[in-house]
Structure formats: structure tokens, C-alpha cells
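Visitor: Following this line is my_file.txt, made up of compact mmCIF, N, CA and C atoms and all ligand atoms:
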# COMPACT_ATOMS: atom_id res chain seq x y z
N MET G 16 -27.27 3.72 -34.49
CA MET G 16 -27.04 3.56 -33.05
C MET G 16 -25.79 4.31 -32.63
N ARG G 17 -25.89 5.02 -31.50
CA ARG G 17 -24.75 5.81 -31.03
C ARG G 17 -24.34 5.37 -29.64
N ALA G 18 -23.05 5.25 -29.44
CA ALA G 18 -22.51 4.83 -28.14
C ALA G 18 -21.60 5.91 -27.58
N LEU G 19 -21.67 6.11 -26.26
CA LEU G 19 -20.76 6.99 -25.56
C LEU G 19 -19.80 6.11 -24.75
N VAL G 20 -18.51 6.24 -25.04
CA VAL G 20 -17.48 5.43 -24.38
C VAL G 20 -16.66 6.32 -23.46
N ILE G 21 -16.63 5.96 -22.17
CA ILE G 21 -15.96 6.79 -21.16
C ILE G 21 -14.85 5.98 -20.51
N ASP G 22 -13.62 6.43 -20.69
CA ASP G 22 -12.47 5.77 -20.05
C ASP G 22 -11.32 6.76 -20.04
N ASP G 23 -10.55 6.79 -18.95
CA ASP G 23 -9.42 7.72 -18.89
C ASP G 23 -8.22 7.17 -19.68
N SER G 24 -8.26 5.92 -20.08
CA SER G 24 -7.20 5.34 -20.91
C SER G 24 -7.56 5.47 -22.39
N ALA G 25 -6.74 6.22 -23.14
CA ALA G 25 -6.99 6.39 -24.58
C ALA G 25 -6.92 5.05 -25.29
N ALA G 26 -5.98 4.18 -24.85
CA ALA G 26 -5.83 2.87 -25.48
C ALA G 26 -7.12 2.05 -25.31
N MET G 27 -7.66 2.07 -24.07
CA MET G 27 -8.89 1.31 -23.82
C MET G 27 -10.07 1.90 -24.59
N ARG G 28 -10.16 3.24 -24.63
CA ARG G 28 -11.25 3.87 -25.41
C ARG G 28 -11.17 3.42 -26.86
N ASN G 29 -9.97 3.39 -27.40
CA ASN G 29 -9.81 3.01 -28.81
C ASN G 29 -10.16 1.55 -29.05
N ILE G 30 -9.81 0.67 -28.12
CA ILE G 30 -10.17 -0.75 -28.25
C ILE G 30 -11.70 -0.90 -28.26
N ILE G 31 -12.34 -0.26 -27.30
CA ILE G 31 -13.81 -0.36 -27.21
C ILE G 31 -14.47 0.27 -28.44
N ALA G 32 -13.94 1.44 -28.85
CA ALA G 32 -14.52 2.14 -30.01
C ALA G 32 -14.38 1.29 -31.28
N ARG G 33 -13.24 0.64 -31.44
CA ARG G 33 -13.03 -0.21 -32.61
C ARG G 33 -14.04 -1.36 -32.64
N CYS G 34 -14.24 -2.00 -31.50
CA CYS G 34 -15.23 -3.09 -31.39
C CYS G 34 -16.62 -2.58 -31.76
N LEU G 35 -16.98 -1.43 -31.20
CA LEU G 35 -18.33 -0.89 -31.42
C LEU G 35 -18.53 -0.50 -32.88
N LYS G 36 -17.51 0.10 -33.48
CA LYS G 36 -17.61 0.49 -34.89
C LYS G 36 -17.79 -0.75 -35.77
N ALA G 37 -17.08 -1.84 -35.42
CA ALA G 37 -17.21 -3.09 -36.17
C ALA G 37 -18.63 -3.65 -36.05
N LEU G 38 -19.29 -3.32 -34.94
CA LEU G 38 -20.67 -3.78 -34.72
C LEU G 38 -21.69 -2.80 -35.32
N GLY G 39 -21.18 -1.72 -35.94
CA GLY G 39 -22.07 -0.79 -36.63
C GLY G 39 -22.48 0.45 -35.85
N PHE G 40 -21.81 0.69 -34.71
CA PHE G 40 -22.14 1.86 -33.90
C PHE G 40 -21.34 3.10 -34.32
N ASP G 41 -21.95 4.27 -34.15
CA ASP G 41 -21.21 5.52 -34.15
C ASP G 41 -20.76 5.74 -32.71
N VAL G 42 -19.52 6.20 -32.54
CA VAL G 42 -18.94 6.27 -31.20
C VAL G 42 -18.47 7.68 -30.86
N VAL G 43 -18.84 8.15 -29.67
CA VAL G 43 -18.32 9.38 -29.10
C VAL G 43 -17.52 9.00 -27.87
N GLN G 44 -16.35 9.59 -27.68
CA GLN G 44 -15.49 9.25 -26.55
C GLN G 44 -15.44 10.37 -25.53
N ALA G 45 -15.37 9.99 -24.25
CA ALA G 45 -15.18 10.95 -23.17
C ALA G 45 -14.04 10.45 -22.28
N ILE G 46 -13.27 11.38 -21.71
CA ILE G 46 -12.05 11.00 -20.98
C ILE G 46 -12.28 10.75 -19.48
N HIS G 47 -13.41 11.17 -18.96
CA HIS G 47 -13.80 10.84 -17.58
C HIS G 47 -15.27 11.19 -17.40
N GLY G 48 -15.82 10.91 -16.22
CA GLY G 48 -17.24 11.11 -15.99
C GLY G 48 -17.72 12.52 -16.23
N LYS G 49 -16.92 13.49 -15.79
CA LYS G 49 -17.30 14.89 -15.93
C LYS G 49 -17.40 15.29 -17.41
N ASP G 50 -16.43 14.84 -18.18
CA ASP G 50 -16.43 15.08 -19.63
C ASP G 50 -17.68 14.45 -20.25
N ALA G 51 -18.02 13.25 -19.79
CA ALA G 51 -19.19 12.54 -20.33
C ALA G 51 -20.49 13.26 -20.00
N VAL G 52 -20.59 13.79 -18.78
CA VAL G 52 -21.80 14.55 -18.40
C VAL G 52 -21.95 15.76 -19.31
N GLU G 53 -20.82 16.44 -19.61
CA GLU G 53 -20.87 17.59 -20.52
C GLU G 53 -21.32 17.16 -21.92
N LYS G 54 -20.84 16.00 -22.36
CA LYS G 54 -21.24 15.51 -23.69
C LYS G 54 -22.72 15.13 -23.70
N LEU G 55 -23.22 14.58 -22.61
CA LEU G 55 -24.65 14.25 -22.52
C LEU G 55 -25.49 15.53 -22.52
N ARG G 56 -25.01 16.56 -21.84
CA ARG G 56 -25.74 17.83 -21.77
C ARG G 56 -25.88 18.46 -23.14
N SER G 57 -24.81 18.38 -23.95
CA SER G 57 -24.85 19.04 -25.25
C SER G 57 -25.47 18.13 -26.31
N ASP G 58 -25.54 16.82 -26.06
CA ASP G 58 -25.99 15.88 -27.08
C ASP G 58 -26.35 14.56 -26.41
N ALA G 59 -27.58 14.47 -25.92
CA ALA G 59 -27.98 13.32 -25.10
C ALA G 59 -28.48 12.12 -25.90
N LYS G 60 -28.35 12.19 -27.21
CA LYS G 60 -28.93 11.12 -28.03
C LYS G 60 -28.02 9.90 -28.15
N PHE G 61 -27.83 9.23 -27.03
CA PHE G 61 -27.02 8.01 -27.03
C PHE G 61 -27.90 6.79 -26.78
N ASP G 62 -27.61 5.70 -27.49
CA ASP G 62 -28.38 4.47 -27.33
C ASP G 62 -27.79 3.57 -26.26
N VAL G 63 -26.53 3.81 -25.94
CA VAL G 63 -25.86 3.02 -24.89
C VAL G 63 -24.64 3.79 -24.40
N ILE G 64 -24.33 3.60 -23.10
CA ILE G 64 -23.14 4.22 -22.51
C ILE G 64 -22.27 3.11 -21.92
N LEU G 65 -20.97 3.14 -22.24
CA LEU G 65 -20.01 2.19 -21.66
C LEU G 65 -19.04 2.98 -20.80
N VAL G 66 -18.96 2.63 -19.52
CA VAL G 66 -18.19 3.47 -18.61
C VAL G 66 -17.21 2.65 -17.76
N ASP G 67 -16.00 3.18 -17.67
CA ASP G 67 -14.91 2.65 -16.84
C ASP G 67 -15.23 2.93 -15.37
N TRP G 68 -14.53 2.23 -14.47
CA TRP G 68 -14.74 2.46 -13.02
C TRP G 68 -13.77 3.51 -12.50
N ASN G 69 -12.46 3.27 -12.64
CA ASN G 69 -11.45 4.17 -12.07
C ASN G 69 -11.06 5.26 -13.07
N MET G 70 -11.43 6.52 -12.72
CA MET G 70 -11.11 7.67 -13.58
C MET G 70 -10.95 8.90 -12.69
N PRO G 71 -10.14 9.88 -13.14
CA PRO G 71 -10.04 11.14 -12.39
C PRO G 71 -11.29 11.99 -12.58
N GLU G 72 -11.40 13.07 -11.83
CA GLU G 72 -12.50 14.06 -11.93
C GLU G 72 -13.83 13.49 -11.47
N MET G 73 -14.33 12.51 -12.19
CA MET G 73 -15.57 11.83 -11.79
C MET G 73 -15.44 10.37 -12.19
N ASN G 74 -15.48 9.47 -11.21
CA ASN G 74 -15.30 8.05 -11.54
C ASN G 74 -16.60 7.44 -12.05
N GLY G 75 -16.52 6.17 -12.43
CA GLY G 75 -17.67 5.50 -13.04
C GLY G 75 -18.87 5.43 -12.12
N TYR G 76 -18.61 5.16 -10.85
CA TYR G 76 -19.69 5.06 -9.88
C TYR G 76 -20.42 6.40 -9.73
N GLU G 77 -19.63 7.47 -9.60
CA GLU G 77 -20.22 8.82 -9.48
C GLU G 77 -20.98 9.19 -10.76
N PHE G 78 -20.43 8.77 -11.90
CA PHE G 78 -21.08 9.06 -13.18
C PHE G 78 -22.44 8.36 -13.27
N ILE G 79 -22.48 7.09 -12.88
CA ILE G 79 -23.75 6.34 -12.94
C ILE G 79 -24.79 7.03 -12.07
N LYS G 80 -24.39 7.41 -10.87
CA LYS G 80 -25.33 8.09 -9.97
C LYS G 80 -25.83 9.40 -10.59
N ALA G 81 -24.91 10.16 -11.20
CA ALA G 81 -25.26 11.44 -11.82
C ALA G 81 -26.23 11.24 -12.98
N VAL G 82 -25.98 10.23 -13.80
CA VAL G 82 -26.84 9.96 -14.97
C VAL G 82 -28.23 9.53 -14.53
N ARG G 83 -28.28 8.66 -13.55
CA ARG G 83 -29.58 8.13 -13.13
C ARG G 83 -30.41 9.17 -12.36
N ALA G 84 -29.77 10.27 -11.94
CA ALA G 84 -30.49 11.33 -11.24
C ALA G 84 -31.20 12.27 -12.20
N VAL G 85 -30.91 12.17 -13.50
CA VAL G 85 -31.50 13.06 -14.50
C VAL G 85 -32.56 12.28 -15.29
N GLU G 86 -33.78 12.77 -15.27
CA GLU G 86 -34.89 12.02 -15.86
C GLU G 86 -34.67 11.68 -17.33
N ASP G 87 -34.17 12.63 -18.11
CA ASP G 87 -33.97 12.41 -19.55
C ASP G 87 -32.92 11.33 -19.83
N TRP G 88 -32.03 11.07 -18.89
CA TRP G 88 -30.92 10.14 -19.11
C TRP G 88 -31.17 8.79 -18.45
N ARG G 89 -32.24 8.70 -17.67
CA ARG G 89 -32.48 7.53 -16.83
C ARG G 89 -32.63 6.25 -17.64
N GLY G 90 -33.19 6.38 -18.85
CA GLY G 90 -33.48 5.19 -19.66
C GLY G 90 -32.34 4.71 -20.54
N ILE G 91 -31.23 5.42 -20.56
CA ILE G 91 -30.12 5.03 -21.44
C ILE G 91 -29.42 3.78 -20.86
N PRO G 92 -29.35 2.68 -21.63
CA PRO G 92 -28.65 1.50 -21.13
C PRO G 92 -27.19 1.81 -20.80
N LEU G 93 -26.74 1.30 -19.65
CA LEU G 93 -25.43 1.67 -19.13
C LEU G 93 -24.65 0.41 -18.75
N MET G 94 -23.45 0.30 -19.30
CA MET G 94 -22.60 -0.86 -19.02
C MET G 94 -21.29 -0.43 -18.38
N MET G 95 -20.95 -1.04 -17.25
CA MET G 95 -19.64 -0.82 -16.64
C MET G 95 -18.62 -1.69 -17.37
N VAL G 96 -17.49 -1.09 -17.74
CA VAL G 96 -16.40 -1.87 -18.33
C VAL G 96 -15.20 -1.67 -17.41
N THR G 97 -14.82 -2.73 -16.71
CA THR G 97 -13.89 -2.53 -15.61
C THR G 97 -12.98 -3.72 -15.37
N THR G 98 -11.85 -3.45 -14.77
CA THR G 98 -10.97 -4.52 -14.31
C THR G 98 -11.35 -4.92 -12.89
N GLU G 99 -12.24 -4.18 -12.30
CA GLU G 99 -12.63 -4.41 -10.91
C GLU G 99 -13.34 -5.74 -10.78
N THR G 100 -12.67 -6.69 -10.14
CA THR G 100 -13.25 -8.03 -10.07
C THR G 100 -13.98 -8.27 -8.76
N GLU G 101 -13.91 -7.29 -7.86
CA GLU G 101 -14.59 -7.48 -6.58
C GLU G 101 -16.11 -7.42 -6.76
N THR G 102 -16.76 -8.45 -6.31
CA THR G 102 -18.20 -8.55 -6.45
C THR G 102 -18.91 -7.35 -5.85
N THR G 103 -18.37 -6.85 -4.75
CA THR G 103 -19.04 -5.73 -4.08
C THR G 103 -19.09 -4.50 -4.98
N GLN G 104 -18.04 -4.29 -5.78
CA GLN G 104 -18.00 -3.13 -6.68
C GLN G 104 -19.05 -3.27 -7.78
N VAL G 105 -19.17 -4.49 -8.32
CA VAL G 105 -20.17 -4.73 -9.37
C VAL G 105 -21.56 -4.53 -8.79
N VAL G 106 -21.77 -5.05 -7.59
CA VAL G 106 -23.07 -4.89 -6.93
C VAL G 106 -23.39 -3.42 -6.73
N ARG G 107 -22.38 -2.64 -6.33
CA ARG G 107 -22.57 -1.18 -6.14
C ARG G 107 -22.96 -0.52 -7.45
N ALA G 108 -22.25 -0.90 -8.54
CA ALA G 108 -22.54 -0.30 -9.85
C ALA G 108 -23.96 -0.63 -10.29
N LEU G 109 -24.36 -1.88 -10.11
CA LEU G 109 -25.71 -2.28 -10.52
C LEU G 109 -26.76 -1.60 -9.65
N ALA G 110 -26.48 -1.48 -8.34
CA ALA G 110 -27.41 -0.82 -7.44
C ALA G 110 -27.56 0.66 -7.79
N ALA G 111 -26.48 1.27 -8.29
CA ALA G 111 -26.51 2.69 -8.65
C ALA G 111 -27.21 2.93 -9.98
N GLY G 112 -27.45 1.86 -10.75
CA GLY G 112 -28.20 2.03 -11.99
C GLY G 112 -27.54 1.51 -13.24
N ALA G 113 -26.38 0.83 -13.11
CA ALA G 113 -25.79 0.18 -14.28
C ALA G 113 -26.66 -1.02 -14.65
N ASN G 114 -26.76 -1.32 -15.95
CA ASN G 114 -27.60 -2.42 -16.40
C ASN G 114 -26.81 -3.70 -16.66
N GLU G 115 -25.53 -3.56 -16.95
CA GLU G 115 -24.67 -4.71 -17.24
C GLU G 115 -23.25 -4.34 -16.87
N TYR G 116 -22.37 -5.35 -16.84
CA TYR G 116 -20.96 -5.06 -16.64
C TYR G 116 -20.14 -6.01 -17.48
N LEU G 117 -18.97 -5.54 -17.88
CA LEU G 117 -18.06 -6.32 -18.72
C LEU G 117 -16.67 -6.22 -18.10
N MET G 118 -16.04 -7.36 -17.85
CA MET G 118 -14.71 -7.36 -17.25
C MET G 118 -13.62 -7.31 -18.32
N LYS G 119 -12.65 -6.42 -18.12
CA LYS G 119 -11.46 -6.39 -18.96
C LYS G 119 -10.52 -7.52 -18.50
N PRO G 120 -9.83 -8.20 -19.37
CA PRO G 120 -9.89 -8.04 -20.83
C PRO G 120 -11.10 -8.78 -21.40
N PHE G 121 -11.59 -8.29 -22.55
CA PHE G 121 -12.76 -8.91 -23.16
C PHE G 121 -12.52 -9.05 -24.66
N THR G 122 -13.30 -9.89 -25.30
CA THR G 122 -13.21 -10.05 -26.75
C THR G 122 -14.37 -9.27 -27.38
N PRO G 123 -14.26 -8.93 -28.67
CA PRO G 123 -15.37 -8.25 -29.35
C PRO G 123 -16.67 -9.05 -29.23
N GLU G 124 -16.56 -10.38 -29.23
CA GLU G 124 -17.75 -11.23 -29.10
C GLU G 124 -18.41 -11.04 -27.74
N MET G 125 -17.58 -10.95 -26.69
CA MET G 125 -18.13 -10.75 -25.34
C MET G 125 -18.86 -9.42 -25.25
N LEU G 126 -18.27 -8.38 -25.85
CA LEU G 126 -18.92 -7.06 -25.85
C LEU G 126 -20.25 -7.12 -26.61
N GLY G 127 -20.23 -7.79 -27.78
CA GLY G 127 -21.45 -7.93 -28.57
C GLY G 127 -22.55 -8.67 -27.82
N ASP G 128 -22.13 -9.72 -27.08
CA ASP G 128 -23.11 -10.51 -26.30
C ASP G 128 -23.75 -9.66 -25.21
N LYS G 129 -22.94 -8.85 -24.53
CA LYS G 129 -23.48 -8.00 -23.46
C LYS G 129 -24.43 -6.95 -24.03
N LEU G 130 -24.07 -6.39 -25.19
CA LEU G 130 -24.94 -5.40 -25.83
C LEU G 130 -26.27 -6.04 -26.22
N ALA G 131 -26.21 -7.29 -26.70
CA ALA G 131 -27.43 -8.01 -27.07
C ALA G 131 -28.30 -8.23 -25.83
N LEU G 132 -27.66 -8.53 -24.69
CA LEU G 132 -28.41 -8.69 -23.44
C LEU G 132 -29.15 -7.42 -23.09
N LEU G 133 -28.55 -6.28 -23.40
CA LEU G 133 -29.18 -4.99 -23.13
C LEU G 133 -30.22 -4.63 -24.19
N GLY G 134 -30.28 -5.44 -25.26
CA GLY G 134 -31.22 -5.13 -26.34
C GLY G 134 -30.72 -4.02 -27.25
N VAL G 135 -29.40 -3.79 -27.22
CA VAL G 135 -28.79 -2.73 -28.02
C VAL G 135 -28.03 -3.37 -29.18
N THR G 136 -28.68 -3.49 -30.31
CA THR G 136 -28.03 -4.08 -31.48
C THR G 136 -28.34 -3.24 -32.72
N THR G 137 -27.44 -3.29 -33.67
CA THR G 137 -27.62 -2.48 -34.88
C THR G 137 -28.31 -3.29 -35.98
N SER G 138 -28.41 -4.61 -35.80
CA SER G 138 -29.03 -5.43 -36.84
C SER G 138 -30.42 -5.92 -36.43
MG MG E 201 -9.57 3.93 -15.72
Rewrite the coordinates I just gave you, this time as C-alpha cells.

Guide:
Amino acid sequence: MRALVIDDSAAMRNIIARCLKALGFDVVQAIHGKDAVEKLRSDAKFDVILVDWNMPEMNGYEFIKAVRAVEDWRGIPLMMVTTETETTQVVRALAAGANEYLMKPFTPEMLGDKLALLGVTTS
């Protein structure tokens, strides 16, 4: 199983990547939405994408819209990982095509539970 982790914070990317590796995932990191789109173009074989909301170049919302506009990428499970607690933002993300959301701060167990909800498990 391969995961694409998108966050402009290196610390947050590393936290998420460590959790995912412990769960048995191979992890590719991207520093913002635009970087992630380039990584999808060159290597679209991801089983799940975890994306931050606030990022330069292309934010999480714009990224979700861009991914869902491409037929080959439409089926990839997508989770927002965000500090954004406003319900309207979560609703926007889900309406744009996100499948789940996870609020920071989170525990590895919370991340694992959300992945299980998406049907994305390595075991
Ligand atoms: Mg951010």
C-alpha cells in the first residue's frame, strides 16, 4: 500500500509518515498541492492521499478539486488532515471530493481508524 502525504510543514509530514510507516504503508511526501499533482502525474499508483488544508501554491481544497477532475485519479481515497475546525470548511472539502477528514492533533490510532473507515488497510 502506498500513501501520498501532502503538507507544507515538514514536521507534520514526518509525523504522518511515521504513523503510516508503522501501519505498513510506503510513503511519498509532497510539500504542497502543486507538488502533489506533479507526483501524481509521474506516478499515480497511490492507494490513499492525505492532504493538508492551508498550503502555498495550491491549497488542499484546490488540490481536491484538481484530483477529482481527472478520471484516473477520481477513485483514490482522499483524507483531509487539518487544524480547520470550522464545519463549513469540512463540508466544502467533502463536497469537493474528500472522503474523510482528520483533525490535528491526532493519535496514530485515530489515523488508523480513519484509514479503516476508508477501507485502506495493509492487513
Ligand atoms: Mg499547512

Visitor: Mind checking which residues fall within 7 Å of G:Ile79, counting only N, CA and C atoms, ignoring those fewer than 6 positions away in the same chain, and posting them as an MDAnalysis selection string?

Guide: chainID G and resid 111:113

Visitor: Here is a test: counting only C-alpha atoms, which residue of G:Ala110, G:Val52, G:Cys34, G:Ile91 is nearest to G:Ile64?

Guide: G:Ile91

Visitor: Counting all atoms listed in the file, figure out which residue out of G:Ile21, G:Ile31, G:Ala131, G:Ala37 gets nearest to ligand MG 201 (chain E).

Guide: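 Under the stated criterion, the closest residue is G:Ile21.
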
Visitor: When DSSP is applied to the backbone of this structure, which of chain G are assigned strand (DSSP E)? Write them out as a list in words.

Guide: Arg17, Ala18, Leu19, Val20, Ile21, Asp41, Val42, Val43, Gln44, Ala45, Val63, Ile64, Leu65, Val66, Leu93, Met94, Met95, Val96, Thr97, Glu115, Tyr116, Leu117 and Met118 of chain G

Visitor: For ligand MG 201 (chain E), list the contacting residues at 6 Å or closer, counting all atoms listed in the file, as an NGL selection string.

Guide: :G and (22-24 or 67-70)

Visitor: Can you write out the residues you just picked, keeping N, CA and C atoms, as a short mmCIF file (atom, residue, chain, number, x, y, z; two decimals), keeping the file's coordinate frame?

Guide:
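See out20.cif below for the written result:
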data_model
loop_
_atom_site.label_atom_id
_atom_site.label_comp_id
_atom_site.auth_asym_id
_atom_site.auth_seq_id
_atom_site.Cartn_x
_atom_site.Cartn_y
_atom_site.Cartn_z
N ASP G 22 -13.62 6.43 -20.69
CA ASP G 22 -12.47 5.77 -20.05
C ASP G 22 -11.32 6.76 -20.04
N ASP G 23 -10.55 6.79 -18.95
CA ASP G 23 -9.42 7.72 -18.89
C ASP G 23 -8.22 7.17 -19.68
N SER G 24 -8.26 5.92 -20.08
CA SER G 24 -7.20 5.34 -20.91
C SER G 24 -7.56 5.47 -22.39
N ASP G 67 -16.00 3.18 -17.67
CA ASP G 67 -14.91 2.65 -16.84
C ASP G 67 -15.23 2.93 -15.37
N TRP G 68 -14.53 2.23 -14.47
CA TRP G 68 -14.74 2.46 -13.02
C TRP G 68 -13.77 3.51 -12.50
N ASN G 69 -12.46 3.27 -12.64
CA ASN G 69 -11.45 4.17 -12.07
C ASN G 69 -11.06 5.26 -13.07
N MET G 70 -11.43 6.52 -12.72
CA MET G 70 -11.11 7.67 -13.58
C MET G 70 -10.95 8.90 -12.69
#

Visitor: Restricting the calculation to all atoms listed in the file: of G:Glu72, G:Met125, G:His47, G:Ala59, which residue gets closest to G:Asp87?

Guide: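 Residue with the minimum atom-to-atom distance to G:Asp87: G:Ala59.
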
Visitor: Please list as a list in words every residue within 12 Å of G:Phe121, counting only C-alpha atoms and excluding residues in the same chain fewer than 2 positions away.

Guide: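 Once the adjacent positions are removed, what remains is Met27, Ile30, Ile31, Cys34, Val96, Thr97, Thr98, Tyr116, Leu117, Met118, Lys119, Pro123, Glu124, Met125, Leu126, Gly127, Asp128 and Lys129 of chain G.
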
Visitor: State, in Å with one decimal place, the distance from atom C of G:Glu86 to atom C of G:Arg28.

Guide: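 Computing the Euclidean distance for atom C of G:Glu86 and atom C of G:Arg28 yields 26.7 Å.
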
Visitor: For the atom pair atom C of G:Arg107 and atom C of G:Thr137, what is the interatomic distance in Å to one decimal place?

Guide: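 Atom C of G:Arg107 sits 29.2 Å away from atom C of G:Thr137.
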
Visitor: Could you work out how far atom CA of G:Arg83 lies from atom CA of G:Lys60, giving the answer in Å with one decimal?

Guide: 15.2 Å

Visitor: Looking at only N, CA and C atoms, which of G:Gly48, G:Pro92, G:Asn29, G:Pro120 is the one that sits closest to G:Glu77?

Guide: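 Looking at the shortest contact to G:Glu77, the residue is G:Gly48.
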
Visitor: From the options G:Met95, G:Met16, G:Leu35, G:Val66, which residue's atoms come nearest to G:Asp50, counting only C-alpha atoms?

Guide: G:Val66

Visitor: Identify, with DSSP run on backbone atoms, the residues in chain G assigned to alpha helix (DSSP H), and express the list as a compact mmCIF listing (two decimals) with N, CA and C atoms, keeping the file's coordinate frame.

Guide:
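Result file follows (part.txt):
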# COMPACT_ATOMS: atom_id res chain seq x y z
N ALA G 25 -6.74 6.22 -23.14
CA ALA G 25 -6.99 6.39 -24.58
C ALA G 25 -6.92 5.05 -25.29
N ALA G 26 -5.98 4.18 -24.85
CA ALA G 26 -5.83 2.87 -25.48
C ALA G 26 -7.12 2.05 -25.31
N MET G 27 -7.66 2.07 -24.07
CA MET G 27 -8.89 1.31 -23.82
C MET G 27 -10.07 1.90 -24.59
N ARG G 28 -10.16 3.24 -24.63
CA ARG G 28 -11.25 3.87 -25.41
C ARG G 28 -11.17 3.42 -26.86
N ASN G 29 -9.97 3.39 -27.40
CA ASN G 29 -9.81 3.01 -28.81
C ASN G 29 -10.16 1.55 -29.05
N ILE G 30 -9.81 0.67 -28.12
CA ILE G 30 -10.17 -0.75 -28.25
C ILE G 30 -11.70 -0.90 -28.26
N ILE G 31 -12.34 -0.26 -27.30
CA ILE G 31 -13.81 -0.36 -27.21
C ILE G 31 -14.47 0.27 -28.44
N ALA G 32 -13.94 1.44 -28.85
CA ALA G 32 -14.52 2.14 -30.01
C ALA G 32 -14.38 1.29 -31.28
N ARG G 33 -13.24 0.64 -31.44
CA ARG G 33 -13.03 -0.21 -32.61
C ARG G 33 -14.04 -1.36 -32.64
N CYS G 34 -14.24 -2.00 -31.50
CA CYS G 34 -15.23 -3.09 -31.39
C CYS G 34 -16.62 -2.58 -31.76
N LEU G 35 -16.98 -1.43 -31.20
CA LEU G 35 -18.33 -0.89 -31.42
C LEU G 35 -18.53 -0.50 -32.88
N LYS G 36 -17.51 0.10 -33.48
CA LYS G 36 -17.61 0.49 -34.89
C LYS G 36 -17.79 -0.75 -35.77
N ALA G 37 -17.08 -1.84 -35.42
CA ALA G 37 -17.21 -3.09 -36.17
C ALA G 37 -18.63 -3.65 -36.05
N GLY G 48 -15.82 10.91 -16.22
CA GLY G 48 -17.24 11.11 -15.99
C GLY G 48 -17.72 12.52 -16.23
N LYS G 49 -16.92 13.49 -15.79
CA LYS G 49 -17.30 14.89 -15.93
C LYS G 49 -17.40 15.29 -17.41
N ASP G 50 -16.43 14.84 -18.18
CA ASP G 50 -16.43 15.08 -19.63
C ASP G 50 -17.68 14.45 -20.25
N ALA G 51 -18.02 13.25 -19.79
CA ALA G 51 -19.19 12.54 -20.33
C ALA G 51 -20.49 13.26 -20.00
N VAL G 52 -20.59 13.79 -18.78
CA VAL G 52 -21.80 14.55 -18.40
C VAL G 52 -21.95 15.76 -19.31
N GLU G 53 -20.82 16.44 -19.61
CA GLU G 53 -20.87 17.59 -20.52
C GLU G 53 -21.32 17.16 -21.92
N LYS G 54 -20.84 16.00 -22.36
CA LYS G 54 -21.24 15.51 -23.69
C LYS G 54 -22.72 15.13 -23.70
N LEU G 55 -23.22 14.58 -22.61
CA LEU G 55 -24.65 14.25 -22.52
C LEU G 55 -25.49 15.53 -22.52
N ARG G 56 -25.01 16.56 -21.84
CA ARG G 56 -25.74 17.83 -21.77
C ARG G 56 -25.88 18.46 -23.14
N SER G 57 -24.81 18.38 -23.95
CA SER G 57 -24.85 19.04 -25.25
C SER G 57 -25.47 18.13 -26.31
N GLY G 75 -16.52 6.17 -12.43
CA GLY G 75 -17.67 5.50 -13.04
C GLY G 75 -18.87 5.43 -12.12
N TYR G 76 -18.61 5.16 -10.85
CA TYR G 76 -19.69 5.06 -9.88
C TYR G 76 -20.42 6.40 -9.73
N GLU G 77 -19.63 7.47 -9.60
CA GLU G 77 -20.22 8.82 -9.48
C GLU G 77 -20.98 9.19 -10.76
N PHE G 78 -20.43 8.77 -11.90
CA PHE G 78 -21.08 9.06 -13.18
C PHE G 78 -22.44 8.36 -13.27
N ILE G 79 -22.48 7.09 -12.88
CA ILE G 79 -23.75 6.34 -12.94
C ILE G 79 -24.79 7.03 -12.07
N LYS G 80 -24.39 7.41 -10.87
CA LYS G 80 -25.33 8.09 -9.97
C LYS G 80 -25.83 9.40 -10.59
N ALA G 81 -24.91 10.16 -11.20
CA ALA G 81 -25.26 11.44 -11.82
C ALA G 81 -26.23 11.24 -12.98
N VAL G 82 -25.98 10.23 -13.80
CA VAL G 82 -26.84 9.96 -14.97
C VAL G 82 -28.23 9.53 -14.53
N ARG G 83 -28.28 8.66 -13.55
CA ARG G 83 -29.58 8.13 -13.13
C ARG G 83 -30.41 9.17 -12.36
N THR G 102 -16.76 -8.45 -6.31
CA THR G 102 -18.20 -8.55 -6.45
C THR G 102 -18.91 -7.35 -5.85
N THR G 103 -18.37 -6.85 -4.75
CA THR G 103 -19.04 -5.73 -4.08
C THR G 103 -19.09 -4.50 -4.98
N GLN G 104 -18.04 -4.29 -5.78
CA GLN G 104 -18.00 -3.13 -6.68
C GLN G 104 -19.05 -3.27 -7.78
N VAL G 105 -19.17 -4.49 -8.32
CA VAL G 105 -20.17 -4.73 -9.37
C VAL G 105 -21.56 -4.53 -8.79
N VAL G 106 -21.77 -5.05 -7.59
CA VAL G 106 -23.07 -4.89 -6.93
C VAL G 106 -23.39 -3.42 -6.73
N ARG G 107 -22.38 -2.64 -6.33
CA ARG G 107 -22.57 -1.18 -6.14
C ARG G 107 -22.96 -0.52 -7.45
N ALA G 108 -22.25 -0.90 -8.54
CA ALA G 108 -22.54 -0.30 -9.85
C ALA G 108 -23.96 -0.63 -10.29
N LEU G 109 -24.36 -1.88 -10.11
CA LEU G 109 -25.71 -2.28 -10.52
C LEU G 109 -26.76 -1.60 -9.65
N ALA G 110 -26.48 -1.48 -8.34
CA ALA G 110 -27.41 -0.82 -7.44
C ALA G 110 -27.56 0.66 -7.79
N ALA G 111 -26.48 1.27 -8.29
CA ALA G 111 -26.51 2.69 -8.65
C ALA G 111 -27.21 2.93 -9.98
N PRO G 123 -14.26 -8.93 -28.67
CA PRO G 123 -15.37 -8.25 -29.35
C PRO G 123 -16.67 -9.05 -29.23
N GLU G 124 -16.56 -10.38 -29.23
CA GLU G 124 -17.75 -11.23 -29.10
C GLU G 124 -18.41 -11.04 -27.74
N MET G 125 -17.58 -10.95 -26.69
CA MET G 125 -18.13 -10.75 -25.34
C MET G 125 -18.86 -9.42 -25.25
N LEU G 126 -18.27 -8.38 -25.85
CA LEU G 126 -18.92 -7.06 -25.85
C LEU G 126 -20.25 -7.12 -26.61
N GLY G 127 -20.23 -7.79 -27.78
CA GLY G 127 -21.45 -7.93 -28.57
C GLY G 127 -22.55 -8.67 -27.82
N ASP G 128 -22.13 -9.72 -27.08
CA ASP G 128 -23.11 -10.51 -26.30
C ASP G 128 -23.75 -9.66 -25.21
N LYS G 129 -22.94 -8.85 -24.53
CA LYS G 129 -23.48 -8.00 -23.46
C LYS G 129 -24.43 -6.95 -24.03
N LEU G 130 -24.07 -6.39 -25.19
CA LEU G 130 -24.94 -5.40 -25.83
C LEU G 130 -26.27 -6.04 -26.22
N ALA G 131 -26.21 -7.29 -26.70
CA ALA G 131 -27.43 -8.01 -27.07
C ALA G 131 -28.30 -8.23 -25.83
N LEU G 132 -27.66 -8.53 -24.69
CA LEU G 132 -28.41 -8.69 -23.44
C LEU G 132 -29.15 -7.42 -23.09

Visitor: So, counting only C-alpha atoms, which residue among G:Trp88, G:Ala18, G:Gly134, G:Ala81 is closest to G:Arg33?

Guide: G:Ala18
